[in-house]
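Here's the structure, in structure tokens; my notes come after.
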Amino acid sequence: MTGSHLFKLPKLLILTGILLLATGCATTQNSETVGDNDPLEPANRVVFNVTETLDKHLIKPIAEQYVDTLPVPVRTSVTNFFNNLGYLNVILNDFLQGKIEQGITDMLRFTYNSTFGIAGLFDVSTPIGMPHNVEDFGQTLATWGVDQGSYLYLIAPTTTRDITDQVPSTLLNPFFYMQGLIFAPISALSAVNTRANLLEATKIRDEAALDPYSFTREAYLQQREFLIHDGEPPATGYDDIFGDASDAGNAGDDDESGMLIIE
Amino acid sequence: MILKLQHLLKTTTCISLTFFSCLLWAEIEQEQAIHAPVDELHASLLNIMENADTKSFQERYNTMEEVVVKHFNSPLIAKVILSRHWKTLNKQSQADFIDLFNRLTISTYVNRFDSFSGEVFSNLTIEQMKENRFMVKTEFMRTDDKPVSFNYIVQDDGAGWKIISVIANGINDLSLKRADYSAIIKEKDFAALVASLKEKISDLQPK
């Protein structure tokens, strides 16, 4: 084992810890009240508030400056580059979910973009019918029947199931094995670029949300369901909010969970 | 005898064809009726987008108000969003909340759909959820970005088909608002929710 790999050992241990902790938390889901997906809300809210403050005063202004300074084609290439670096994780999860055809296409996509697309700077695959897919280990666990577990807010929204993706996505990212001084500036660029790509989404959230924490949690959990079902979640899932509604006539009683039953 | 049989066969075929034509026609008519509120909403959205530079906010608001009041089942939406808090309100407060919610919906549409560069709405499929409830699946096609999935739950409330939920890229507006609003009511009270909504409506107006 080289010196640089020894240096990264603590990071690996942390990732393994995340995996074990998350798996443990996910398996305790059955003991929780149905519908209660945020048992850690008080702690989550504290982290959310700290992150939001940091974002408002530091990260968001930098991201806005980044958007104002760099032209769209350059930012697109930066996004393409980081997407391509993380694409081995997408390929792995394609196969883990049994999506063989998509996995093969994604392998070709990665190869094309890494070579003809000059290290992924240009997405030469989408125009020829190999679109960018979004797969991760959280989605894989979901397809294997693992519950979402508890909602967590760390730097971004996640759940005890979805956070397990940190392990394969980190280990499969060539950037993780990069050595030397270049590691820090590229990490910073990746963070700023990610935040810049979220500026529009957070603007919409800030315009619409009364309680940004609840809004973010609900949007995240629903978006995950959308991704798990590849954009085609079962329509019946959207029916639950109406309770036993069979007629739009009169509002009836609430059940104990607060669900409005329309009779 | 053979002539009689041929006549019977012809009559039976005619009756069967008429029967199946009626069934098919009824199905097409129902599908059109289910689609109508969504189609009219989309037509109005394209209208305000195309006229964003020539019509005032208030004019575009009036265009959207007509379609939202007509095609959204706002009383049902308000009940579902407020959930258990709905029953704690008197009739007047419920009516006021429905009106406030409509104003927020209309203002949000006018604020967000404020430019046009060749976008189109494309109808995909219709999926039955319950006897009187369907999901209408559509896409908002953009010229410079990926399409946005817009799905609508429509329900026959006895007076026609109305939209009861909008789902954009998998995110159900109804669930989102219920979680958001209940957090405010839980932390503060209903009056604080009303005040916050009024502030949001004000923020959406042109400065």
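All residue names refer to the structure tokens as shown: chains lettered A, B, ... in order, residues numbered from 1 in each chain, ligands numbered from 1 in order.
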
Report as a PDB file with all heavy atoms, in the first residue's frame all protein, DNA and RNA residues lying within 6 Å of segment 107-118 of chain B, evaluated on only C-alpha atoms, omitting residues in the same chain fewer than 3 positions from it.
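Generated output (result.pdb):
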ATOM      1  N   MET B  49     -47.405  32.874 -21.698  1.00  0.00           N
ATOM      2  CA  MET B  49     -45.972  32.863 -22.024  1.00  0.00           C
ATOM      3  C   MET B  49     -45.720  33.671 -23.299  1.00  0.00           C
ATOM      4  O   MET B  49     -44.799  34.484 -23.353  1.00  0.00           O
ATOM      5  CB  MET B  49     -45.489  31.415 -22.223  1.00  0.00           C
ATOM      6  CG  MET B  49     -45.398  30.617 -20.934  1.00  0.00           C
ATOM      7  SD  MET B  49     -45.195  28.855 -21.247  1.00  0.00           S
ATOM      8  CE  MET B  49     -43.503  28.802 -21.819  1.00  0.00           C
ATOM      9  N   GLU B  50     -46.544  33.405 -24.307  1.00  0.00           N
ATOM     10  CA  GLU B  50     -46.350  34.096 -25.593  1.00  0.00           C
ATOM     11  C   GLU B  50     -46.596  35.599 -25.469  1.00  0.00           C
ATOM     12  O   GLU B  50     -46.036  36.388 -26.224  1.00  0.00           O
ATOM     13  CB  GLU B  50     -47.289  33.486 -26.649  1.00  0.00           C
ATOM     14  CG  GLU B  50     -46.839  32.107 -27.108  1.00  0.00           C
ATOM     15  CD  GLU B  50     -47.896  31.381 -27.934  1.00  0.00           C
ATOM     16  OE1 GLU B  50     -48.967  31.961 -28.187  1.00  0.00           O
ATOM     17  OE2 GLU B  50     -47.650  30.217 -28.299  1.00  0.00           O
ATOM     18  N   ALA B  52     -46.061  37.405 -22.689  1.00  0.00           N
ATOM     19  CA  ALA B  52     -45.394  37.919 -21.486  1.00  0.00           C
ATOM     20  C   ALA B  52     -44.868  39.340 -21.670  1.00  0.00           C
ATOM     21  O   ALA B  52     -44.852  40.137 -20.716  1.00  0.00           O
ATOM     22  CB  ALA B  52     -44.259  36.987 -21.092  1.00  0.00           C
ATOM     23  N   ARG B 103     -55.413  32.501  -5.285  1.00  0.00           N
ATOM     24  CA  ARG B 103     -54.585  33.665  -5.642  1.00  0.00           C
ATOM     25  C   ARG B 103     -53.107  33.278  -5.700  1.00  0.00           C
ATOM     26  O   ARG B 103     -52.366  33.728  -6.577  1.00  0.00           O
ATOM     27  CB  ARG B 103     -54.815  34.812  -4.630  1.00  0.00           C
ATOM     28  CG  ARG B 103     -56.117  35.565  -4.916  1.00  0.00           C
ATOM     29  CD  ARG B 103     -56.571  36.417  -3.749  1.00  0.00           C
ATOM     30  NE  ARG B 103     -55.528  37.233  -3.169  1.00  0.00           N
ATOM     31  CZ  ARG B 103     -55.510  37.644  -1.902  1.00  0.00           C
ATOM     32  NH1 ARG B 103     -56.504  37.304  -1.081  1.00  0.00           N
ATOM     33  NH2 ARG B 103     -54.539  38.387  -1.448  1.00  0.00           N
ATOM     34  N   LEU B 104     -52.697  32.431  -4.761  1.00  0.00           N
ATOM     35  CA  LEU B 104     -51.298  31.974  -4.754  1.00  0.00           C
ATOM     36  C   LEU B 104     -51.004  31.135  -6.006  1.00  0.00           C
ATOM     37  O   LEU B 104     -49.975  31.323  -6.669  1.00  0.00           O
ATOM     38  CB  LEU B 104     -51.014  31.141  -3.494  1.00  0.00           C
ATOM     39  CG  LEU B 104     -49.606  30.562  -3.407  1.00  0.00           C
ATOM     40  CD1 LEU B 104     -48.584  31.658  -3.129  1.00  0.00           C
ATOM     41  CD2 LEU B 104     -49.505  29.490  -2.336  1.00  0.00           C
TER      42      LEU B 104
END

Non-local contacts of segment 225-232 of chain A (9 Å; only C-alpha atoms; under 4 positions in same chain excluded) as number ranges by chain: A: 134-135, 138-140, 142-143, 220-221; B: 149, 169-171

Can I get the selected residues back with N, CA and C atoms, as a short mmCIF file (atom, residue, chain, number, x, y, z; two decimals), in the first residue's frame?
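Final file, again14.cif:
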data_model
loop_
_atom_site.label_atom_id
_atom_site.label_comp_id
_atom_site.auth_asym_id
_atom_site.auth_seq_id
_atom_site.Cartn_x
_atom_site.Cartn_y
_atom_site.Cartn_z
N VAL A 134 -29.31 8.41 -14.33
CA VAL A 134 -29.04 8.69 -12.92
C VAL A 134 -29.34 7.42 -12.11
N GLU A 135 -28.29 6.74 -11.72
CA GLU A 135 -28.43 5.55 -10.87
C GLU A 135 -27.44 5.65 -9.73
N GLY A 138 -28.31 3.91 -3.47
CA GLY A 138 -29.58 4.08 -2.75
C GLY A 138 -30.74 3.55 -3.58
N GLN A 139 -30.73 3.86 -4.88
CA GLN A 139 -31.77 3.35 -5.78
C GLN A 139 -31.67 1.83 -5.91
N THR A 140 -30.43 1.33 -5.94
CA THR A 140 -30.25 -0.12 -6.03
C THR A 140 -30.86 -0.80 -4.81
N ALA A 142 -33.17 0.29 -2.93
CA ALA A 142 -34.63 0.42 -3.02
C ALA A 142 -35.22 -0.66 -3.92
N THR A 143 -34.55 -0.91 -5.05
CA THR A 143 -35.06 -1.96 -5.95
C THR A 143 -34.91 -3.35 -5.32
N TYR A 220 -37.26 16.21 -1.75
CA TYR A 220 -36.20 15.22 -1.90
C TYR A 220 -36.77 13.80 -1.93
N LEU A 221 -37.63 13.49 -0.95
CA LEU A 221 -38.16 12.13 -0.85
C LEU A 221 -39.00 11.76 -2.07
N SER B 149 -41.65 16.59 -16.89
CA SER B 149 -42.86 15.79 -16.82
C SER B 149 -43.91 16.52 -15.98
N ASN B 169 -42.22 16.57 -12.54
CA ASN B 169 -41.03 15.71 -12.41
C ASN B 169 -41.09 14.85 -11.15
N GLY B 170 -42.26 14.29 -10.89
CA GLY B 170 -42.42 13.36 -9.77
C GLY B 170 -42.73 14.02 -8.45
N ILE B 171 -42.70 15.35 -8.39
CA ILE B 171 -42.95 16.03 -7.12
C ILE B 171 -44.40 16.52 -7.09
#

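Closest to Lys198 of chain B among B:Leu176, B:Ile81, B:Leu100, B:Ile163 is B:Leu100, based on only C-alpha atoms.
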
Apply DSSP to the backbone of this structure and, from segment 56-185 of chain B, keep only the residues in strand (DSSP E); write these as number ranges by chain. B: 120-130, 133-141, 148-156, 161-168, 171-172

Limited to N, CA, C and O atoms, could you put the picked residues into a file as a compact mmCIF listing (two decimals), in the first residue's frame?
# COMPACT_ATOMS: atom_id res chain seq x y z
N VAL B 120 -43.59 23.62 -25.99
CA VAL B 120 -44.90 23.02 -26.28
C VAL B 120 -45.24 21.98 -25.20
O VAL B 120 -44.35 21.41 -24.58
N PHE B 121 -46.54 21.78 -24.99
CA PHE B 121 -46.99 20.70 -24.11
C PHE B 121 -47.35 19.51 -24.98
O PHE B 121 -48.00 19.67 -26.01
N SER B 122 -46.92 18.35 -24.54
CA SER B 122 -47.20 17.15 -25.32
C SER B 122 -47.98 16.16 -24.45
O SER B 122 -47.57 15.85 -23.33
N ASN B 123 -49.13 15.69 -24.96
CA ASN B 123 -49.93 14.72 -24.20
C ASN B 123 -49.33 13.33 -24.35
O ASN B 123 -48.98 12.92 -25.45
N LEU B 124 -49.22 12.61 -23.23
CA LEU B 124 -48.67 11.26 -23.28
C LEU B 124 -49.80 10.24 -23.12
O LEU B 124 -50.44 9.87 -24.09
N THR B 125 -50.09 9.84 -21.89
CA THR B 125 -51.10 8.80 -21.69
C THR B 125 -52.09 9.21 -20.60
O THR B 125 -51.88 10.20 -19.88
N ILE B 126 -53.12 8.41 -20.46
CA ILE B 126 -54.07 8.56 -19.35
C ILE B 126 -54.08 7.24 -18.58
O ILE B 126 -54.15 6.18 -19.18
N GLU B 127 -53.99 7.33 -17.26
CA GLU B 127 -53.96 6.13 -16.44
C GLU B 127 -55.08 6.21 -15.39
O GLU B 127 -55.18 7.21 -14.68
N GLN B 128 -55.88 5.17 -15.32
CA GLN B 128 -56.99 5.18 -14.34
C GLN B 128 -56.47 4.84 -12.95
O GLN B 128 -55.70 3.89 -12.77
N MET B 129 -56.88 5.64 -11.96
CA MET B 129 -56.47 5.41 -10.57
C MET B 129 -57.61 4.82 -9.77
O MET B 129 -57.44 3.94 -8.96
N LYS B 130 -58.80 5.39 -9.95
CA LYS B 130 -60.03 4.90 -9.34
C LYS B 130 -61.14 5.08 -10.36
O LYS B 130 -60.89 5.60 -11.45
N ARG B 133 -61.33 8.77 -11.04
CA ARG B 133 -60.07 9.50 -10.89
C ARG B 133 -59.02 8.97 -11.88
O ARG B 133 -58.78 7.76 -11.93
N PHE B 134 -58.39 9.87 -12.61
CA PHE B 134 -57.39 9.48 -13.62
C PHE B 134 -56.14 10.32 -13.47
O PHE B 134 -56.19 11.44 -12.95
N MET B 135 -55.02 9.77 -13.96
CA MET B 135 -53.80 10.57 -14.06
C MET B 135 -53.54 10.86 -15.54
O MET B 135 -53.42 9.95 -16.34
N VAL B 136 -53.46 12.15 -15.85
CA VAL B 136 -53.17 12.57 -17.21
C VAL B 136 -51.69 12.92 -17.28
O VAL B 136 -51.22 13.80 -16.56
N LYS B 137 -50.96 12.19 -18.11
CA LYS B 137 -49.50 12.39 -18.18
C LYS B 137 -49.14 13.25 -19.40
O LYS B 137 -49.56 12.95 -20.52
N THR B 138 -48.37 14.28 -19.14
CA THR B 138 -47.96 15.19 -20.22
C THR B 138 -46.48 15.56 -20.04
O THR B 138 -45.89 15.28 -19.00
N GLU B 139 -45.93 16.19 -21.06
CA GLU B 139 -44.55 16.69 -20.97
C GLU B 139 -44.50 18.12 -21.48
O GLU B 139 -45.18 18.47 -22.44
N PHE B 140 -43.68 18.89 -20.82
CA PHE B 140 -43.43 20.27 -21.23
C PHE B 140 -42.10 20.25 -21.97
O PHE B 140 -41.04 20.05 -21.36
N MET B 141 -42.17 20.38 -23.29
CA MET B 141 -40.97 20.25 -24.12
C MET B 141 -40.30 21.61 -24.27
O MET B 141 -40.92 22.56 -24.75
N VAL B 148 -39.85 18.54 -19.12
CA VAL B 148 -40.31 18.42 -17.73
C VAL B 148 -41.60 17.60 -17.75
O VAL B 148 -42.50 17.88 -18.54
N SER B 149 -41.65 16.59 -16.89
CA SER B 149 -42.86 15.79 -16.82
C SER B 149 -43.91 16.52 -15.98
O SER B 149 -43.64 16.92 -14.84
N PHE B 150 -45.08 16.74 -16.57
CA PHE B 150 -46.20 17.35 -15.84
C PHE B 150 -47.36 16.35 -15.85
O PHE B 150 -47.95 16.11 -16.91
N ASN B 151 -47.65 15.77 -14.70
CA ASN B 151 -48.79 14.85 -14.61
C ASN B 151 -49.87 15.49 -13.75
O ASN B 151 -49.57 16.21 -12.80
N TYR B 152 -51.12 15.22 -14.12
CA TYR B 152 -52.25 15.81 -13.41
C TYR B 152 -53.19 14.71 -12.93
O TYR B 152 -53.51 13.80 -13.71
N ILE B 153 -53.64 14.81 -11.69
CA ILE B 153 -54.70 13.92 -11.24
C ILE B 153 -56.01 14.68 -11.44
O ILE B 153 -56.16 15.80 -10.93
N VAL B 154 -56.89 14.09 -12.23
CA VAL B 154 -58.20 14.73 -12.46
C VAL B 154 -59.30 13.83 -11.92
O VAL B 154 -59.19 12.60 -11.96
N GLN B 155 -60.32 14.46 -11.38
CA GLN B 155 -61.40 13.70 -10.76
C GLN B 155 -62.75 14.31 -11.15
O GLN B 155 -62.86 15.53 -11.26
N ASP B 156 -63.72 13.44 -11.36
CA ASP B 156 -65.07 13.91 -11.67
C ASP B 156 -65.78 14.21 -10.35
O ASP B 156 -66.02 13.31 -9.55
N TRP B 161 -65.01 17.03 -14.90
CA TRP B 161 -63.65 16.63 -14.51
C TRP B 161 -62.85 17.86 -14.09
O TRP B 161 -62.83 18.86 -14.79
N LYS B 162 -62.19 17.73 -12.94
CA LYS B 162 -61.37 18.86 -12.45
C LYS B 162 -60.01 18.36 -11.97
O LYS B 162 -59.88 17.22 -11.50
N ILE B 163 -59.03 19.25 -12.05
CA ILE B 163 -57.68 18.92 -11.59
C ILE B 163 -57.65 18.98 -10.07
O ILE B 163 -58.10 19.95 -9.46
N ILE B 164 -57.11 17.91 -9.45
CA ILE B 164 -56.99 17.93 -7.99
C ILE B 164 -55.53 17.84 -7.53
O ILE B 164 -55.25 17.98 -6.35
N SER B 165 -54.62 17.62 -8.47
CA SER B 165 -53.21 17.60 -8.08
C SER B 165 -52.31 17.76 -9.31
O SER B 165 -52.64 17.27 -10.38
N VAL B 166 -51.21 18.47 -9.13
CA VAL B 166 -50.23 18.65 -10.20
C VAL B 166 -48.91 18.03 -9.73
O VAL B 166 -48.46 18.30 -8.63
N ILE B 167 -48.33 17.20 -10.59
CA ILE B 167 -47.07 16.52 -10.23
C ILE B 167 -46.01 16.88 -11.27
O ILE B 167 -46.13 16.50 -12.44
N ALA B 168 -45.01 17.65 -10.86
CA ALA B 168 -43.96 18.09 -11.79
C ALA B 168 -42.68 17.29 -11.52
O ALA B 168 -42.15 17.33 -10.40
N ILE B 171 -42.70 15.35 -8.39
CA ILE B 171 -42.95 16.03 -7.12
C ILE B 171 -44.40 16.52 -7.09
O ILE B 171 -44.80 17.35 -7.89
N ASN B 172 -45.15 15.95 -6.15
CA ASN B 172 -46.57 16.24 -6.04
C ASN B 172 -46.77 17.54 -5.24
O ASN B 172 -46.43 17.61 -4.06

As a PyMOL selection string, please: all residues of segment 11-156 of chain B that backbone DSSP puts in helix (DSSP H, G or I). chain B and resi 11-50+57-71+74-88+91-112

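Considering only C-alpha atoms, the residue among A:Asn133, A:Thr159, A:Ser114, A:Thr79 positioned nearest to Val192 of chain A is A:Thr79.
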
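Remark: for chain B, the closest of the candidate residues A:Thr158, A:Asn84, A:Thr194, A:Thr216 is A:Thr216 (distances computed over only C-alpha atoms).
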
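The shortest atom-to-atom distance to chain A, with only C-alpha atoms taken into account, belongs to B:Leu76 out of B:Leu76, B:Asp145, B:Phe101, B:Ala195.
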
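Nearest residue to chain A among B:Lys188, B:His71, B:Lys200, B:Arg60 is B:Lys200, counting only C-alpha atoms.
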
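The shortest atom-to-atom distance to Leu82 of chain B, with only C-alpha atoms taken into account, belongs to B:Ile98 out of B:Ile98, B:Ala33, B:Leu5, B:Ile15.
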
Do a neighbour search on Ser125 of chain A at 7 Å with only C-alpha atoms, toss out local chain neighbours closer than 2 positions, and write the hits as a PyMOL selection string. chain A and resi 109+112-113+123+127-131
